[in-house]
There are 2 protein chains.
Amino acid sequence: MFSGTNLPRVGNYNYNVVLSLIQASDGISRVEIANDTGLTAQTVGVIVRRLIQEGIVHESGSSPSAGGKPRTILRIIPTSAYAVGIHFDPREMSIVVVDMTGQRLAHSHREVSPVLDPEVLIEQGAMTVHRLLRELGVPAERVLGVGAACPGPIDQGQGQVTSPPRLDRWTEVPIKRLLRKYVGFDVVVDNDANAAAIGERWSGHGRTSSDFAYLYMGTGIGGAMFLSKNIYRGVSRNAGEFGHLIVEPNGTPCYCGNRGCLEAMSNPAAIVKNVHAELAMGHRSSLAAAYEQSPALVDHVTVCKAAASGDVVARRAIDRSAELVAQCAVLIANAIDVELLVIGGKSILHVEEIYRQKAAEYLQTQPLARKMHTVRVAISEVGVDGAALGAASLVLHAAYAPDTGDLTSG
Amino acid sequence: MFSGTNLPRVGNYNYNVVLSLIQASDGISRVEIANDTGLTAQTVGVIVRRLIQEGIVHESGSSPSAGGKPRTILRIIPTSAYAVGIHFDPREMSIVVVDMTGQRLAHSHREVSPVLDPEVLIEQGAMTVHRLLRELGVPAERVLGVGAACPGPIDQGQGQVTSPPRLDRWTEVPIKRLLRKYVGFDVVVDNDANAAAIGERWSGHGRTSSDFAYLYMGTGIGGAMFLSKNIYRGVSRNAGEFGHLIVEPNGTPCYCGNRGCLEAMSNPAAIVKNVHAELAMGHRSSLAAAYEQSPALVDHVTVCKAAASGDVVARRAIDRSAELVAQCAVLIANAIDVELLVIGGKSILHVEEIYRQKAAEYLQTQPLARKMHTVRVAISEVGVDGAALGAASLVLHAAYAPDTGDLTSG
C-alpha cells in the first residue's frame with residue numbers, strides 16, 4: 001500500500017528540488033527558485049545557505065531585477081563532486097569521469113575480447129578509473145561513486161546481469177560486488193539504456209522534458225523512459241525493452257524466443273547481413289569492391305558511412321531499419337503518450353538524420369493522439385559516450401535527483 | 001521543473017494515505033496503520049480523529065492483539081459519501097450510484113440510438129441520476145460528484161471528446177460543462193479505459209497492485225495503466241491506447257489510419273465479420289441455422305456464447321482474437337514491465353477464460369523479463385458495469401487517492 005511521509009523526507013526532497021533546479025539552469029537567483037518551485041523565500045534561503053556551506057553552490061555575479069536591487073546568481077561549483085561511469089559492452093569498455101555538472105573531464109575507451117574473464121576486465125577497469133582520477137588530480141573523498149552500465153536484463157537485488165544476450169560469460173557475475181571490491185567506491189548498476197536516459201535527463205534534451213522515451217541503439221537495442229519526471233523502471237526493473245516490440249510477426253527469429261522483434265530485424269548485425277545479401281547478388285554499390293575483397297570489410301560503420309554518402313544499397317538497408325524504428329516509435333507513442341522520443345547509441349552514428357526524420361514522419365501521421373500533440377524526436381546530445389556518461393549520471397542522479405518516491409520510502 | 005513540497009500538502013497526502021488504507025482493508029487498527037504507512041502513532045491518531053469527526057470512519061468492534069489490550073478496529077462508513085458514474089458508449093448509457101466503499105447501490109442501463117442528439121442524452125442522463133438518488137434517499141450534500149466515462153481520445157482541458165471513432169455526433173461536445181449544467185454536481189471526465197482501471201484500483205484486483213495495465217475491451221479496445229501506484233495518463237492524457245498497437249502489419253485497415261491495429265483486427269465487429277465469412281462458406285456450426293435465417297442474428301454476444309459452448313467456428317474466431325490480445329499483452333510487458341494485466345469490458349463476456357488463458361500462456365513464455373517474474377493476468381472483478389463503476393470511482397479517487405503528485409502541485 002501507500003506509505004506516509006514526514007518532515008525529514010520533505011526536507012531532503014526540497015533540498016534535491018532546489019539543487020536540481022540550479023543544476024539545470026544556466027545561473028538562477030533565489031527569487032526565481034522560489035517562483036519555480038513554489039517554496040517560500042525562507043525555505044529556499046535555508047537550503048541555499050546549506051548548499052553554499054557544503055561547497056556545492058556558489059554565488060556568481062548578479063543580474064538586474066525588474067524592480068530594485070540586482071539579484072545574486074547561484075551556480076553549481078563543478079569541482080564540488082565527481083562521478084565515474086563505466087559502460088560494459090559486449091565489444092568494448094568505456095570509462096568517463098564527470099564533474100558535478102555532468103561535464104566529461106576524462107575518458108578511456110578500449111575494445112574487449114569476448115573471451116576475457118569478466119573479473120579480470122572489472123579489475124582492469126578499476127585500475128583505469130584510479131589512473132584517470134590521479135591524472136585529473138581528483139581527491140578520492142570528492143568521488144560520489146561509480147556507475148556501471150551493462151546490457152540488460154539486470155537483477156538489481158544481486159547487482160548482476162541475468163542472461164545477457166551477447167555477453168554469455170557475464171551471466172550471474174556479481175558486477176556490483178566485484179567492482180566495489182576493486183575500485184573502492186560505492187557502485188550503482190543499471191542497464192545501458194536506463195543509464196543513457198539518465199545521462200540525457202542530467203545533461204541533454206531530458207533536462208526540460210517531464211515525459212520522454214529513450215531508444216538506445218547500441219550493439220543491441222534497448223530503451224528507457226522518464227514518466228512524470230521520474231525514471232520508470234517497472235516492477236522487475238526491465239521496463240522499456242523496446243527492442244523486443246514485435247515489428248514484423250513471423251520476421252527474423254530473435255534470441256528472446258520470438259520472431260520479428262525490432263532488435264532482431266534492425267540491430268547492426270542484421271543491417272550488415274541485409275547489405276551483404278544485396279552485394280552478393282551483384283547490386284551496384286560503392287561497397288562492392290570492398291565486399292569482393294572481403295565481406296568483413298563491409299561492417300556496420302562502413303555501411304552507415306556509405307548510406308550517409310548516398311550509396312543506394314547501404315541507404316536502402318538503413319532506410320528499412322529506420323522504418324522499423326519509426327514503427328516502434330508509434331507503438332511507444334500509443335502506449336505511453338510521451339512528448340519526446342530521444343534516439344541515441346553508437347549504432348546510429350553517421351545516419352542520425354535518417355533515423356530522426358523517419359521517426360518524426362511516422363509520429364506526425366500515425367499515433368492516435370497526433371491531433372492533440374506531436375511527439376518530438378531528438379538525437380541524443382550525450383553522443384556515443386552516452387551509456388558511460390549516463391552511468392556517471394546514475395551516481396549524480398541517485399545522490400541528488402528529486403524523486404517523489406523518496407518522500408514515501410525509508 | 002520540479003516543485004517543492006510543504007506542510008499543508010504533506011498533511012493532505014498523509015490524510016489520503018490513511019483513508020485509502022482503511023478503505024482497502026477489511027477493518028484495520030491504528031497500530032496496523034502506523035506499521036503499514038511508516039507514520040508515527042501520533043500522526044495516525046490525529047488523522048483518524050479527523051476522519052471520525054468528519055463522519056467518514058467509525059470504530060467498529062475490536063480485535064485481540066499480540067500483547068495486551070484489544071485493538072479498536074476502524075472501518076469506512078459506507079453512507080458517509082456517494083458518487084455517481086455515467087458511461088457514455090456508442091450504443092448505450094449506463095449509470096451507477098456507489099457509496100464511499102465503491103459498492104454499487106443502484107444502476108440504470110439503456111440502449112442509445114446513434115442519431116440521438118448528445119445534449120438530449122446528457123439531459124436525460126442527469127434526470128436519471130436524480131431519480132436514482134431520490135429512490136435511494138441520498139441527500140444531495142453527500143454526493144461528491146459525477147464521473148463521466150467516454151471513449152477516447154479526450155481533451156481534458158475542454159472536458160470533451162475529440163473525434164471519437166464511433167461517436168461522430170459527440171465530436172467536440174462539451175460533456176463536462178453540459179453535464180454539470182443539467183446534473184448540478186461537480187463533474188470529472190475521463191476515457192472509459194482509465195475509468196475502468198480506476199474502478200479496478202478502487203474495488204478490484206488493483207487494490208493490492210502497484211503496477212498494472214488494464215486492457216479494456218468494449219465496443220472498441222482501449223487501455224490504461226497504474227505505474228508506481230498512480231494512474232499514468234501521459235502528456236496529452238492519451239497513454240494506454242493498447243488497441244492501436246499494431247499486431248499485424250498490413251492487416252485490416254483501422255480508423256486511426258494504420259493497418260493491423262489490435263482494435264481493427266479484434267473488436268467485436270471484426271470478430272463477427274470473421275464468423276460470418278466462415279458461415280457464408282457453409283462451415284458446420286451451431287450458428288448456421290440462425291445465420292441462414294438472418295446474418296444479423298449472429299451478433300457478437302451470440303458468437304461468444306457459442307464459443308463458450310464449444311462451437312468450432314465461433315471458437316476459432318475467439319481463439320484468434322485471444323491470440324492477438326496475448327501478442328499485445330507481450331508488447332505491454334516488454335514496454336512497461338507491470339506485475340499484472342487486467343482484462344475487462346463487456347466484449348469478453350462468456351469467453352473471459354479463453355482470453356485469460358491465452359494471455360497467461362504468452363506472458364509465461366515470451367516477455368524478455370519472464371525469467372525475473374511472470375506477469376499475472378486477471379479478469380476484471382468490476383464486471384460489465386466496469387466503466388460506469390470506474391467513472392464513479394474517478395470521483396472517489398480524485399477526492400481521496402494519495403497521489404505523490406499532490407505533494408508537489410498547487
# chains A, B, ... in the order shown; residues from 1 in each chain; ligands from 1
$ closest_atom_pairs --of "chain B" --to "chain A" --cutoff "8 Å" --atoms "only C-alpha atoms" --output "Markdown table"
| residue | atom | partner | partner_atom | distance |
| --- | --- | --- | --- | --- |
| B:Met1 | CA | A:Leu21 | CA | 7.0 |
| B:Phe2 | CA | A:Val17 | CA | 6.0 |
| B:Ser3 | CA | A:Thr37 | CA | 4.1 |
| B:Gly4 | CA | A:Thr37 | CA | 5.1 |
| B:Thr5 | CA | A:Asn14 | CA | 6.6 |
| B:Asn6 | CA | A:Val10 | CA | 7.4 |
| B:Val10 | CA | A:Thr5 | CA | 6.8 |
| B:Tyr13 | CA | A:Gly4 | CA | 7.5 |
| B:Asn14 | CA | A:Gly4 | CA | 5.2 |
| B:Val17 | CA | A:Phe2 | CA | 6.0 |
| B:Val18 | CA | A:Gly4 | CA | 7.9 |
| B:Leu21 | CA | A:Met1 | CA | 7.0 |
| B:Asp36 | CA | A:Ser3 | CA | 7.0 |
| B:Thr37 | CA | A:Ser3 | CA | 4.1 |
| B:Gly38 | CA | A:Gly4 | CA | 6.1 |
| B:Leu39 | CA | A:Gly4 | CA | 5.7 |
| B:Pro153 | CA | A:Ala369 | CA | 6.8 |
| B:Asp155 | CA | A:Met372 | CA | 7.8 |
| B:Thr208 | CA | A:Met1 | CA | 6.9 |
| B:Ser210 | CA | A:Met1 | CA | 7.7 |
| B:Asp211 | CA | A:Val235 | CA | 6.9 |
| B:Leu227 | CA | A:Gly234 | CA | 7.8 |
| B:Lys229 | CA | A:Phe2 | CA | 7.8 |
| B:Arg233 | CA | A:Asp337 | CA | 7.7 |
| B:Gly234 | CA | A:Asp337 | CA | 4.7 |
| B:Val235 | CA | A:Val338 | CA | 5.7 |
| B:Ser236 | CA | A:Met372 | CA | 6.7 |
| B:Arg237 | CA | A:Asp337 | CA | 7.4 |
| B:Asn238 | CA | A:Asp337 | CA | 6.0 |
| B:Ala239 | CA | A:Ile336 | CA | 4.5 |
| B:Gly240 | CA | A:Ala335 | CA | 4.6 |
| B:Glu241 | CA | A:Asn334 | CA | 5.1 |
| B:Phe242 | CA | A:Ala335 | CA | 5.9 |
| B:His244 | CA | A:Asn334 | CA | 6.6 |
| B:Leu245 | CA | A:Leu331 | CA | 5.6 |
| B:Ile246 | CA | A:Leu331 | CA | 7.3 |
| B:Val247 | CA | A:Pro249 | CA | 7.6 |
| B:Glu248 | CA | A:Pro249 | CA | 6.7 |
| B:Pro249 | CA | A:Glu248 | CA | 6.7 |
| B:Cys256 | CA | A:Leu368 | CA | 6.1 |
| B:Gly257 | CA | A:Gln366 | CA | 6.6 |
| B:Asn258 | CA | A:Gln366 | CA | 6.6 |
| B:Leu331 | CA | A:Leu245 | CA | 5.6 |
| B:Ile332 | CA | A:Ala335 | CA | 7.8 |
| B:Ala333 | CA | A:Ala239 | CA | 7.7 |
| B:Asn334 | CA | A:Glu241 | CA | 5.1 |
| B:Ala335 | CA | A:Gly240 | CA | 4.6 |
| B:Ile336 | CA | A:Ala239 | CA | 4.5 |
| B:Asp337 | CA | A:Ala239 | CA | 4.6 |
| B:Val338 | CA | A:Val235 | CA | 5.7 |
| B:Glu339 | CA | A:Val235 | CA | 6.2 |
| B:Gln366 | CA | A:Asn258 | CA | 6.6 |
| B:Pro367 | CA | A:Cys256 | CA | 7.8 |
| B:Leu368 | CA | A:Cys256 | CA | 6.1 |
| B:Ala369 | CA | A:Asn238 | CA | 6.5 |
| B:Met372 | CA | A:Ser236 | CA | 6.7 |
| B:His373 | CA | A:Ser236 | CA | 7.1 |
| B:Pro402 | CA | A:Phe2 | CA | 7.5 |
| B:Thr404 | CA | A:Thr404 | CA | 6.1 |
| B:Gly405 | CA | A:Thr404 | CA | 7.6 |
$ select_by_dssp --residues "segment 301-391 of chain B" --states "helix (DSSP H, G or I)" --output "PyMOL selection string"
chain B and resi 301-308+312-336+346-348+352-365+368-371+386-391
$ atom_distance --atom1 "atom CA of Ser60 of chain A" --atom2 "atom CA of Ile73 of chain A"
5.3 Å
$ closest_residue --among "A:Thr171, A:Ala392, A:Ala197, A:Met217" --to "Leu144 of chain A" --atoms "only C-alpha atoms"
A:Ala392
